[in-house]
>>> print(open('input14.csv').read())   # CSV, C-alpha atoms and all ligand atoms
chain,number,residue,atom,x,y,z
A,1,MET,CA,-69.9,210.0,18.0
A,2,ARG,CA,-70.3,207.0,15.8
A,3,ILE,CA,-67.4,207.0,13.4
A,4,ALA,CA,-66.6,204.9,10.3
A,5,VAL,CA,-62.9,204.4,9.6
A,6,LEU,CA,-62.6,203.0,6.0
A,7,GLY,CA,-59.2,201.3,5.8
A,8,THR,CA,-57.4,198.5,7.6
A,9,GLY,CA,-53.8,199.7,7.1
A,10,GLY,CA,-51.6,201.4,9.6
A,11,VAL,CA,-53.5,204.7,9.3
A,12,GLY,CA,-56.9,203.1,9.7
A,13,HIS,CA,-55.7,201.1,12.7
A,14,ALA,CA,-54.1,204.2,14.4
A,15,LEU,CA,-57.1,206.4,13.9
A,16,ALA,CA,-59.7,203.8,14.8
A,17,SER,CA,-57.8,202.9,18.0
A,18,ARG,CA,-57.4,206.5,19.1
A,19,LEU,CA,-61.0,207.4,18.3
A,20,VAL,CA,-62.1,204.5,20.6
A,21,GLU,CA,-59.7,205.6,23.3
A,22,THR,CA,-61.1,209.1,23.1
A,23,GLY,CA,-64.7,208.0,23.6
A,24,HIS,CA,-66.1,207.3,20.2
A,25,GLU,CA,-67.8,204.2,18.8
A,26,VAL,CA,-65.9,203.1,15.7
A,27,ARG,CA,-66.6,200.7,12.9
A,28,MET,CA,-63.6,199.8,10.7
A,29,GLY,CA,-64.5,199.1,7.1
A,30,SER,CA,-62.8,197.0,4.5
A,31,ARG,CA,-63.7,195.5,1.1
A,32,SER,CA,-65.4,192.6,2.7
A,33,ALA,CA,-66.8,192.1,6.2
A,34,GLY,CA,-64.7,189.7,8.3
A,35,ASN,CA,-61.3,191.1,7.1
A,36,GLU,CA,-58.7,189.4,9.2
A,37,LYS,CA,-57.0,192.7,10.3
A,38,ALA,CA,-60.3,194.4,11.0
A,39,VAL,CA,-61.5,191.5,13.1
A,40,ALA,CA,-58.3,191.4,15.1
A,41,TRP,CA,-58.5,195.2,15.7
A,42,ALA,CA,-62.2,195.0,16.7
A,43,ASP,CA,-61.5,192.1,19.1
A,44,ALA,CA,-58.6,194.0,20.7
A,45,ALA,CA,-60.2,197.4,20.9
A,46,GLY,CA,-63.2,196.6,23.1
A,47,ASP,CA,-67.0,197.0,23.1
A,48,ALA,CA,-67.0,200.3,21.2
A,49,ALA,CA,-65.2,198.8,18.2
A,50,SER,CA,-66.7,196.8,15.4
A,51,GLU,CA,-65.9,195.9,11.8
A,52,GLY,CA,-67.7,195.4,8.5
A,53,SER,CA,-67.7,196.1,4.8
A,54,PHE,CA,-67.0,199.7,3.6
A,55,ARG,CA,-70.8,199.9,3.2
A,56,ASP,CA,-71.6,198.6,6.7
A,57,ALA,CA,-69.1,201.0,8.2
A,58,ALA,CA,-70.3,204.1,6.3
A,59,ALA,CA,-73.9,203.3,7.1
A,60,PHE,CA,-72.9,203.2,10.8
A,61,GLY,CA,-70.8,206.4,10.9
A,62,GLU,CA,-72.0,209.9,11.6
A,63,VAL,CA,-68.6,210.9,10.5
A,64,VAL,CA,-66.6,208.8,7.8
A,65,VAL,CA,-62.8,208.7,7.7
A,66,ASN,CA,-61.2,207.8,4.4
A,67,ALA,CA,-58.0,205.9,5.2
A,68,THR,CA,-57.8,203.9,2.0
A,69,GLY,CA,-55.0,203.9,-0.6
A,70,GLY,CA,-55.3,207.2,-2.4
A,71,LEU,CA,-55.4,205.6,-5.9
A,72,VAL,CA,-58.3,203.4,-4.9
A,73,SER,CA,-60.2,205.8,-2.6
A,74,VAL,CA,-63.0,206.7,-5.0
A,75,GLU,CA,-63.5,203.0,-5.6
A,76,ALA,CA,-63.6,202.3,-1.9
A,77,LEU,CA,-66.0,205.2,-1.3
A,78,THR,CA,-68.2,204.0,-4.2
A,79,ALA,CA,-68.4,200.7,-2.4
A,80,ALA,CA,-69.4,202.6,0.8
A,81,GLY,CA,-72.2,204.1,-1.1
A,82,ALA,CA,-73.1,207.7,-1.9
A,83,ASP,CA,-76.3,207.3,0.1
A,84,HIS,CA,-74.2,206.6,3.2
A,85,LEU,CA,-71.9,209.6,2.7
A,86,ALA,CA,-74.6,212.2,1.9
A,87,GLY,CA,-74.7,214.9,4.5
A,88,LYS,CA,-71.8,213.4,6.5
A,89,VAL,CA,-68.4,214.9,7.4
A,90,LEU,CA,-65.9,212.9,5.3
A,91,VAL,CA,-62.4,213.2,6.6
A,92,ASP,CA,-59.9,212.5,3.8
A,93,VAL,CA,-56.5,211.5,5.1
A,94,ALA,CA,-55.4,209.7,1.9
A,95,ASN,CA,-52.5,210.6,-0.4
A,96,PRO,CA,-52.8,209.8,-4.1
A,97,LEU,CA,-49.3,208.4,-4.4
A,98,ASP,CA,-48.2,206.3,-7.4
A,99,PHE,CA,-45.1,204.2,-6.5
A,100,SER,CA,-45.3,202.1,-9.7
A,101,HIS,CA,-42.2,203.9,-11.1
A,102,GLY,CA,-40.3,203.6,-7.9
A,103,PHE,CA,-39.1,206.3,-5.5
A,104,PRO,CA,-40.0,209.2,-5.2
A,105,PRO,CA,-43.6,208.5,-6.0
A,106,THR,CA,-45.7,210.7,-8.2
A,107,VAL,CA,-48.6,212.7,-6.7
A,108,VAL,CA,-51.5,211.9,-8.9
A,109,GLN,CA,-53.7,214.9,-9.4
A,110,PRO,CA,-55.4,214.6,-12.8
A,111,GLU,CA,-55.8,218.1,-14.4
A,112,GLY,CA,-54.3,219.5,-11.2
A,113,ARG,CA,-57.3,218.4,-9.1
A,114,SER,CA,-56.5,216.9,-5.7
A,115,LEU,CA,-57.9,213.6,-4.5
A,116,ALA,CA,-60.0,215.4,-2.0
A,117,GLU,CA,-61.6,217.5,-4.8
A,118,SER,CA,-62.1,214.4,-6.8
A,119,ILE,CA,-63.9,212.8,-3.9
A,120,GLN,CA,-66.0,215.9,-3.4
A,121,ALA,CA,-66.9,215.9,-7.1
A,122,ALA,CA,-67.8,212.2,-7.0
A,123,PHE,CA,-69.9,212.6,-3.8
A,124,PRO,CA,-71.2,216.1,-3.9
A,125,GLU,CA,-73.4,215.6,-0.9
A,126,ALA,CA,-70.5,214.6,1.4
A,127,ARG,CA,-68.8,217.3,3.4
A,128,VAL,CA,-65.2,216.6,2.6
A,129,VAL,CA,-62.4,217.8,4.9
A,130,LYS,CA,-58.8,217.1,4.0
A,131,ALA,CA,-56.8,216.6,7.2
A,132,LEU,CA,-53.9,214.7,8.8
A,133,ASN,CA,-52.4,213.6,5.4
A,134,THR,CA,-49.2,215.6,6.0
A,135,MET,CA,-47.8,213.4,8.8
A,136,ASN,CA,-47.2,209.9,10.0
A,137,ALA,CA,-50.0,207.9,11.5
A,138,ASP,CA,-48.5,207.9,15.1
A,139,VAL,CA,-48.0,211.7,15.0
A,140,MET,CA,-51.7,212.1,13.8
A,141,VAL,CA,-53.1,210.5,16.9
A,142,HIS,CA,-50.3,211.3,19.5
A,143,PRO,CA,-49.3,214.9,18.6
A,144,ARG,CA,-47.8,215.4,22.1
A,145,SER,CA,-45.2,212.7,21.3
A,146,LEU,CA,-43.2,215.4,19.5
A,147,SER,CA,-41.7,218.2,21.5
A,148,GLY,CA,-43.0,221.7,20.9
A,149,SER,CA,-45.9,223.1,18.9
A,150,HIS,CA,-46.5,221.8,15.4
A,151,ALA,CA,-49.4,222.0,12.9
A,152,VAL,CA,-52.2,219.9,11.5
A,153,LEU,CA,-53.4,221.5,8.3
A,154,ILE,CA,-57.1,221.1,7.3
A,155,ALA,CA,-59.0,222.3,4.2
A,156,GLY,CA,-62.6,222.1,3.1
A,157,ASP,CA,-65.5,224.0,1.8
A,158,ASP,CA,-67.8,223.5,4.7
A,159,SER,CA,-66.9,225.5,7.9
A,160,GLU,CA,-69.1,223.5,10.1
A,161,ALA,CA,-67.6,220.2,8.9
A,162,LYS,CA,-64.1,221.6,9.6
A,163,SER,CA,-65.3,222.5,13.2
A,164,VAL,CA,-66.4,218.9,13.7
A,165,VAL,CA,-62.9,217.7,12.5
A,166,ALA,CA,-61.2,220.2,14.8
A,167,VAL,CA,-63.1,218.8,17.8
A,168,LEU,CA,-62.0,215.3,16.9
A,169,LEU,CA,-58.4,216.5,16.6
A,170,ARG,CA,-58.6,218.2,20.0
A,171,GLY,CA,-59.5,214.8,21.4
A,172,PHE,CA,-56.2,213.4,20.0
A,173,GLY,CA,-54.3,216.1,21.9
A,174,TRP,CA,-53.9,218.9,19.2
A,175,THR,CA,-54.4,222.3,20.7
A,176,ALA,CA,-56.8,224.8,19.1
A,177,GLU,CA,-53.8,226.9,17.8
A,178,GLU,CA,-52.2,223.9,16.2
A,179,VAL,CA,-55.3,223.1,14.0
A,180,LEU,CA,-54.6,225.4,11.0
A,181,ASP,CA,-57.4,225.9,8.6
A,182,VAL,CA,-55.7,226.6,5.2
A,183,GLY,CA,-58.9,227.4,3.4
A,184,GLU,CA,-61.3,225.8,0.9
A,185,LEU,CA,-61.0,222.4,-0.5
A,186,HIS,CA,-58.8,223.5,-3.4
A,187,ALA,CA,-56.1,224.1,-0.7
A,188,SER,CA,-55.9,220.3,-0.4
A,189,ARG,CA,-53.8,220.3,-3.6
A,190,GLY,CA,-50.9,221.7,-1.7
A,191,LEU,CA,-51.4,219.4,1.2
A,192,GLU,CA,-51.1,216.4,-1.1
A,193,LEU,CA,-48.2,217.9,-3.1
A,194,TYR,CA,-46.3,218.2,0.2
A,195,LEU,CA,-45.8,214.4,0.2
A,196,PRO,CA,-42.7,214.1,-1.9
A,197,LEU,CA,-41.0,216.6,0.4
A,198,TRP,CA,-42.3,214.7,3.5
A,199,LEU,CA,-40.8,211.5,2.1
A,200,ASN,CA,-37.4,213.3,1.5
A,201,LEU,CA,-37.5,214.7,5.0
A,202,MET,CA,-38.2,211.3,6.4
A,203,ALA,CA,-35.2,209.9,4.5
A,204,SER,CA,-33.0,212.7,5.7
A,205,LEU,CA,-34.1,212.5,9.3
A,206,GLY,CA,-34.2,208.7,9.3
A,207,SER,CA,-37.5,208.6,11.1
A,208,PRO,CA,-41.2,209.4,10.4
A,209,ALA,CA,-41.5,211.0,13.9
A,210,PHE,CA,-41.5,214.7,12.8
A,211,ASN,CA,-43.9,217.3,11.7
A,212,ILE,CA,-43.9,220.9,10.4
A,213,ALA,CA,-44.7,224.1,12.4
A,214,VAL,CA,-45.8,227.4,11.0
A,215,VAL,CA,-44.1,230.3,12.7
A,216,ARG,CA,-44.8,234.0,12.3
A,301,LIG,N1,-48.7,205.6,6.4
A,301,LIG,C1,-48.8,206.8,7.0
A,301,LIG,O1,-48.3,207.1,8.1
A,301,LIG,C2,-49.7,207.8,6.2
A,301,LIG,C3,-49.7,209.1,6.6
A,301,LIG,C4,-50.5,210.0,6.0
A,301,LIG,C5,-51.4,209.6,5.0
A,301,LIG,N2,-51.4,208.3,4.6
A,301,LIG,C6,-52.4,207.8,3.6
A,301,LIG,O2,-53.4,207.1,4.4
A,301,LIG,C7,-54.0,206.1,3.5
A,301,LIG,C8,-54.0,204.8,4.2
A,301,LIG,O3,-52.6,204.3,4.3
A,301,LIG,P1,-52.3,202.9,4.9
A,301,LIG,O4,-50.9,202.7,4.7
A,301,LIG,O5,-52.9,202.8,6.3
A,301,LIG,O6,-53.2,201.9,4.1
A,301,LIG,P2,-53.1,201.4,2.5
A,301,LIG,O7,-52.4,200.2,2.4
A,301,LIG,O8,-52.7,202.6,1.7
A,301,LIG,O9,-54.7,201.2,2.2
A,301,LIG,C9,-55.3,200.1,2.8
A,301,LIG,C10,-56.8,200.2,2.5
A,301,LIG,O10,-57.0,200.3,1.1
A,301,LIG,C11,-58.0,199.4,0.7
A,301,LIG,N3,-57.9,199.0,-0.7
A,301,LIG,C12,-56.8,198.4,-1.3
A,301,LIG,N4,-57.1,198.2,-2.6
A,301,LIG,C13,-58.4,198.6,-2.8
A,301,LIG,C14,-59.2,198.6,-3.9
A,301,LIG,N5,-58.8,198.1,-5.1
A,301,LIG,N6,-60.5,199.0,-3.8
A,301,LIG,C15,-60.9,199.5,-2.6
A,301,LIG,N7,-60.1,199.5,-1.5
A,301,LIG,C16,-58.9,199.1,-1.6
A,301,LIG,C17,-57.8,198.2,1.6
A,301,LIG,O11,-58.9,197.4,1.7
A,301,LIG,P3,-59.0,196.0,2.5
A,301,LIG,O12,-59.1,196.5,3.9
A,301,LIG,O13,-60.2,195.3,2.0
A,301,LIG,O14,-57.7,195.3,2.3
A,301,LIG,C18,-57.4,198.8,2.9
A,301,LIG,O15,-58.5,199.1,3.7
A,301,LIG,C19,-53.2,206.2,2.2
A,301,LIG,O16,-53.9,206.9,1.3
A,301,LIG,C20,-51.9,206.8,2.6
A,301,LIG,O17,-51.3,207.5,1.5
A,301,LIG,C21,-50.6,207.4,5.2
>>> encode(input="input14.csv", output="structure tokens", more="lines below")
Ligand SMILES: NC(=O)c1ccc[n+]([C@@H]2O[C@H](COP(=O)([O-])OP(=O)(O)OC[C@H]3O[C@@H](n4cnc5c(N)ncnc54)[C@H](OP(=O)(O)O)[C@@H]3O)[C@@H](O)[C@H]2O)c1
Amino acid sequence: MRIAVLGTGGVGHALASRLVETGHEVRMGSRSAGNEKAVAWADAAGDAASEGSFRDAAAFGEVVVNATGGLVSVEALTAAGADHLAGKVLVDVANPLDFSHGFPPTVVQPEGRSLAESIQAAFPEARVVKALNTMNADVMVHPRSLSGSHAVLIAGDDSEAKSVVAVLLRGFGWTAEEVLDVGELHASRGLELYLPLWLNLMASLGSPAFNIAVVR
């Protein structure tokens, strides 16, 4: 598939690289074409990799991944253009964390609404799926680097869009059983509210190389 990865940070880099490795064509997007980190990534990642503005990338992608800062994601997606998001699967991996008052950060969910829901409200024609926000970037793309079975939680209103995301996740190495659909997009509230606990777990464990498993 042709996939837009909006975001030039560690998450955008990890996802874009792994998507190329698993056979996709990827364009990394940033606020302006020619972003130093995006150019370096595209040069290193081979012929299936390219870079451009958020808008260039979103126009290119059949699927769009939001890997921008959670507090600026709606701004970044606005720059990408509602016309370039309409009808497309929009995978939201961002966390709306406010570190301005120090640690632990606050999860910003105005009136209790998640970032994913805010994105869906701002871009009603996009098919938003919350996924992968509950783990470190390396774990997202190399799930088999941890021992045992663990879970990637996804939420969204569009079942077909969630199936598309599940296929991409299988490409990263997640098994079908590990991709756990937790329901409609309002379930993304909990996925985002998990982040303070994730940060405390990371501090306790001294490493971001962990994830949660759901056992019955
Ligand atoms: N770190 C992790 O392992 C991890 C795990 C799960 C989820 N997440 C979430 O994944 C997302 C990406 O994290 P990250 O650490 O890779 O990157 P980040 O530093 O949070 O975000 C980088 C991206 O945000 C864009 N950006 C910054 N200010 C902007 C603005 N005012 N308007 C529009 N775009 C703006 C940057 O654009 P330019 O490219 O133009 O600079 C860049 O592409 C975050 O929401 C984070 O919470 C992170």
>>> residues_near_ligand(input="input14.csv", ligand="ligand LIG 301 (chain A)", cutoff="6 Å", atoms="all atoms listed in the file", output="PDB file with C-alpha atoms, keeping the file's coordinate frame")
ATOM      1  CA  GLY A   7     -59.200 201.300   5.800  1.00  0.00           C
ATOM      2  CA  THR A   8     -57.400 198.500   7.600  1.00  0.00           C
ATOM      3  CA  GLY A   9     -53.800 199.700   7.100  1.00  0.00           C
ATOM      4  CA  GLY A  10     -51.600 201.400   9.600  1.00  0.00           C
ATOM      5  CA  VAL A  11     -53.500 204.700   9.300  1.00  0.00           C
ATOM      6  CA  GLY A  12     -56.900 203.100   9.700  1.00  0.00           C
ATOM      7  CA  SER A  30     -62.800 197.000   4.500  1.00  0.00           C
ATOM      8  CA  ARG A  31     -63.700 195.500   1.100  1.00  0.00           C
ATOM      9  CA  SER A  32     -65.400 192.600   2.700  1.00  0.00           C
ATOM     10  CA  ALA A  67     -58.000 205.900   5.200  1.00  0.00           C
ATOM     11  CA  THR A  68     -57.800 203.900   2.000  1.00  0.00           C
ATOM     12  CA  GLY A  69     -55.000 203.900  -0.600  1.00  0.00           C
ATOM     13  CA  GLY A  70     -55.300 207.200  -2.400  1.00  0.00           C
ATOM     14  CA  VAL A  72     -58.300 203.400  -4.900  1.00  0.00           C
ATOM     15  CA  GLU A  75     -63.500 203.000  -5.600  1.00  0.00           C
ATOM     16  CA  ALA A  76     -63.600 202.300  -1.900  1.00  0.00           C
ATOM     17  CA  VAL A  93     -56.500 211.500   5.100  1.00  0.00           C
ATOM     18  CA  ALA A  94     -55.400 209.700   1.900  1.00  0.00           C
ATOM     19  CA  ASN A  95     -52.500 210.600  -0.400  1.00  0.00           C
ATOM     20  CA  ASN A 133     -52.400 213.600   5.400  1.00  0.00           C
ATOM     21  CA  THR A 134     -49.200 215.600   6.000  1.00  0.00           C
ATOM     22  CA  MET A 135     -47.800 213.400   8.800  1.00  0.00           C
ATOM     23  CA  ASN A 136     -47.200 209.900  10.000  1.00  0.00           C
ATOM     24  CA  ALA A 137     -50.000 207.900  11.500  1.00  0.00           C
TER      25      ALA A 137
END
>>> closest_residue(input="input14.csv", among="A:Val152, A:Val74, A:Leu195, A:Val141", to="Glu177 of chain A", atoms="all atoms listed in the file")
A:Val152
>>> atom_distance(input="input14.csv", atom1="atom CA of Thr78 of chain A", atom2="atom CA of Ala122 of chain A")
8.7 Å
>>> closest_residue(input="input14.csv", among="A:Phe103, A:Trp198, A:Phe60, A:Phe54", to="Asn211 of chain A", atoms="all atoms listed in the file")
A:Trp198
>>> atom_distance(input="input14.csv", atom1="atom CA of His13 of chain A", atom2="atom CA of Ala161 of chain A")
22.8 Å
>>> atom_distance(input="input14.csv", atom1="atom CA of Glu25 of chain A", atom2="atom CA of Asp47 of chain A")
8.4 Å
>>> decode(input="input14.csv", residues="segment 81-196 of chain A", atoms="C-alpha atoms", output="tab-separated table (two decimals), in the first residue's frame")
chain	number	residue	atom	x	y	z
A	81	GLY	CA	-6.01	18.73	4.40
A	82	ALA	CA	-9.45	17.30	5.05
A	83	ASP	CA	-9.70	16.57	1.33
A	84	HIS	CA	-6.66	14.27	1.58
A	85	LEU	CA	-8.05	12.43	4.61
A	86	ALA	CA	-11.59	11.86	3.36
A	87	GLY	CA	-12.43	8.18	2.96
A	88	LYS	CA	-9.00	7.08	4.17
A	89	VAL	CA	-8.02	4.96	7.15
A	90	LEU	CA	-6.37	7.35	9.62
A	91	VAL	CA	-4.31	5.50	12.23
A	92	ASP	CA	-3.92	7.67	15.31
A	93	VAL	CA	-0.94	6.69	17.46
A	94	ALA	CA	-0.62	10.07	19.20
A	95	ASN	CA	-1.03	10.77	22.90
A	96	PRO	CA	-2.37	14.15	24.03
A	97	LEU	CA	0.12	14.66	26.84
A	98	ASP	CA	0.77	18.03	28.42
A	99	PHE	CA	4.22	18.12	30.05
A	100	SER	CA	4.08	21.88	30.67
A	101	HIS	CA	3.58	21.36	34.43
A	102	GLY	CA	6.26	18.68	34.70
A	103	PHE	CA	5.97	14.98	35.42
A	104	PRO	CA	3.62	13.17	35.38
A	105	PRO	CA	1.99	14.82	32.37
A	106	THR	CA	-1.72	15.51	32.12
A	107	VAL	CA	-3.75	13.64	29.53
A	108	VAL	CA	-5.64	16.40	27.74
A	109	GLN	CA	-9.17	15.24	26.96
A	110	PRO	CA	-11.42	18.32	26.77
A	111	GLU	CA	-14.90	17.47	28.15
A	112	GLY	CA	-13.71	13.88	28.47
A	113	ARG	CA	-13.29	13.47	24.72
A	114	SER	CA	-10.20	11.64	23.47
A	115	LEU	CA	-7.79	13.03	20.91
A	116	ALA	CA	-8.93	10.32	18.49
A	117	GLU	CA	-12.53	11.45	18.92
A	118	SER	CA	-11.51	15.08	18.43
A	119	ILE	CA	-9.72	14.09	15.23
A	120	GLN	CA	-12.79	12.17	14.05
A	121	ALA	CA	-15.01	15.18	14.83
A	122	ALA	CA	-12.67	17.55	12.97
A	123	PHE	CA	-12.38	15.19	9.96
A	124	PRO	CA	-15.71	13.35	9.82
A	125	GLU	CA	-14.93	11.68	6.50
A	126	ALA	CA	-11.70	10.09	7.77
A	127	ARG	CA	-11.90	6.54	9.15
A	128	VAL	CA	-10.07	6.99	12.44
A	129	VAL	CA	-8.56	3.99	14.24
A	130	LYS	CA	-6.70	4.44	17.52
A	131	ALA	CA	-3.83	1.99	17.70
A	132	LEU	CA	-0.32	1.44	19.08
A	133	ASN	CA	-0.38	4.44	21.44
A	134	THR	CA	-0.04	2.21	24.52
A	135	MET	CA	3.57	1.16	23.95
A	136	ASN	CA	7.02	2.33	23.00
A	137	ALA	CA	7.87	2.83	19.32
A	138	ASP	CA	10.27	-0.14	19.16
A	139	VAL	CA	7.67	-2.47	20.66
A	140	MET	CA	5.05	-1.22	18.16
A	141	VAL	CA	7.09	-2.38	15.19
A	142	HIS	CA	9.02	-5.31	16.70
A	143	PRO	CA	6.49	-7.04	18.95
A	144	ARG	CA	8.51	-10.26	18.94
A	145	SER	CA	11.35	-8.45	20.68
A	146	LEU	CA	9.44	-9.08	23.93
A	147	SER	CA	9.01	-12.60	25.25
A	148	GLY	CA	5.54	-14.09	25.34
A	149	SER	CA	2.22	-12.89	24.05
A	150	HIS	CA	1.11	-9.29	24.62
A	151	ALA	CA	-1.59	-7.00	23.30
A	152	VAL	CA	-2.03	-4.16	20.87
A	153	LEU	CA	-5.36	-2.47	21.60
A	154	ILE	CA	-7.29	-0.82	18.78
A	155	ALA	CA	-10.51	1.20	18.73
A	156	GLY	CA	-12.61	2.78	16.01
A	157	ASP	CA	-16.10	3.13	14.57
A	158	ASP	CA	-15.32	1.57	11.19
A	159	SER	CA	-14.85	-2.23	11.27
A	160	GLU	CA	-13.35	-2.37	7.81
A	161	ALA	CA	-10.80	0.32	8.74
A	162	LYS	CA	-9.86	-1.71	11.84
A	163	SER	CA	-9.33	-4.75	9.60
A	164	VAL	CA	-6.95	-2.75	7.41
A	165	VAL	CA	-4.99	-1.71	10.52
A	166	ALA	CA	-4.94	-5.31	11.78
A	167	VAL	CA	-3.35	-6.42	8.49
A	168	LEU	CA	-0.64	-3.76	8.82
A	169	LEU	CA	-0.01	-4.89	12.41
A	170	ARG	CA	0.26	-8.52	11.32
A	171	GLY	CA	2.98	-7.35	8.94
A	172	PHE	CA	4.94	-6.01	11.93
A	173	GLY	CA	4.75	-9.44	13.59
A	174	TRP	CA	1.66	-9.15	15.81
A	175	THR	CA	-0.43	-12.33	15.81
A	176	ALA	CA	-4.17	-12.18	15.09
A	177	GLU	CA	-4.91	-12.99	18.76
A	178	GLU	CA	-2.70	-10.16	19.99
A	179	VAL	CA	-4.63	-7.50	18.04
A	180	LEU	CA	-7.40	-6.76	20.52
A	181	ASP	CA	-10.32	-4.67	19.28
A	182	VAL	CA	-11.64	-2.84	22.34
A	183	GLY	CA	-14.63	-1.34	20.56
A	184	GLU	CA	-15.81	1.91	19.07
A	185	LEU	CA	-13.78	5.08	19.00
A	186	HIS	CA	-14.95	6.25	22.44
A	187	ALA	CA	-12.84	3.36	23.82
A	188	SER	CA	-9.81	5.41	22.77
A	189	ARG	CA	-10.42	7.51	25.91
A	190	GLY	CA	-9.12	4.66	28.04
A	191	LEU	CA	-6.25	3.92	25.66
A	192	GLU	CA	-5.05	7.50	26.08
A	193	LEU	CA	-5.72	7.58	29.84
A	194	TYR	CA	-3.41	4.57	30.25
A	195	LEU	CA	-0.41	6.77	29.51
A	196	PRO	CA	0.26	8.06	33.04
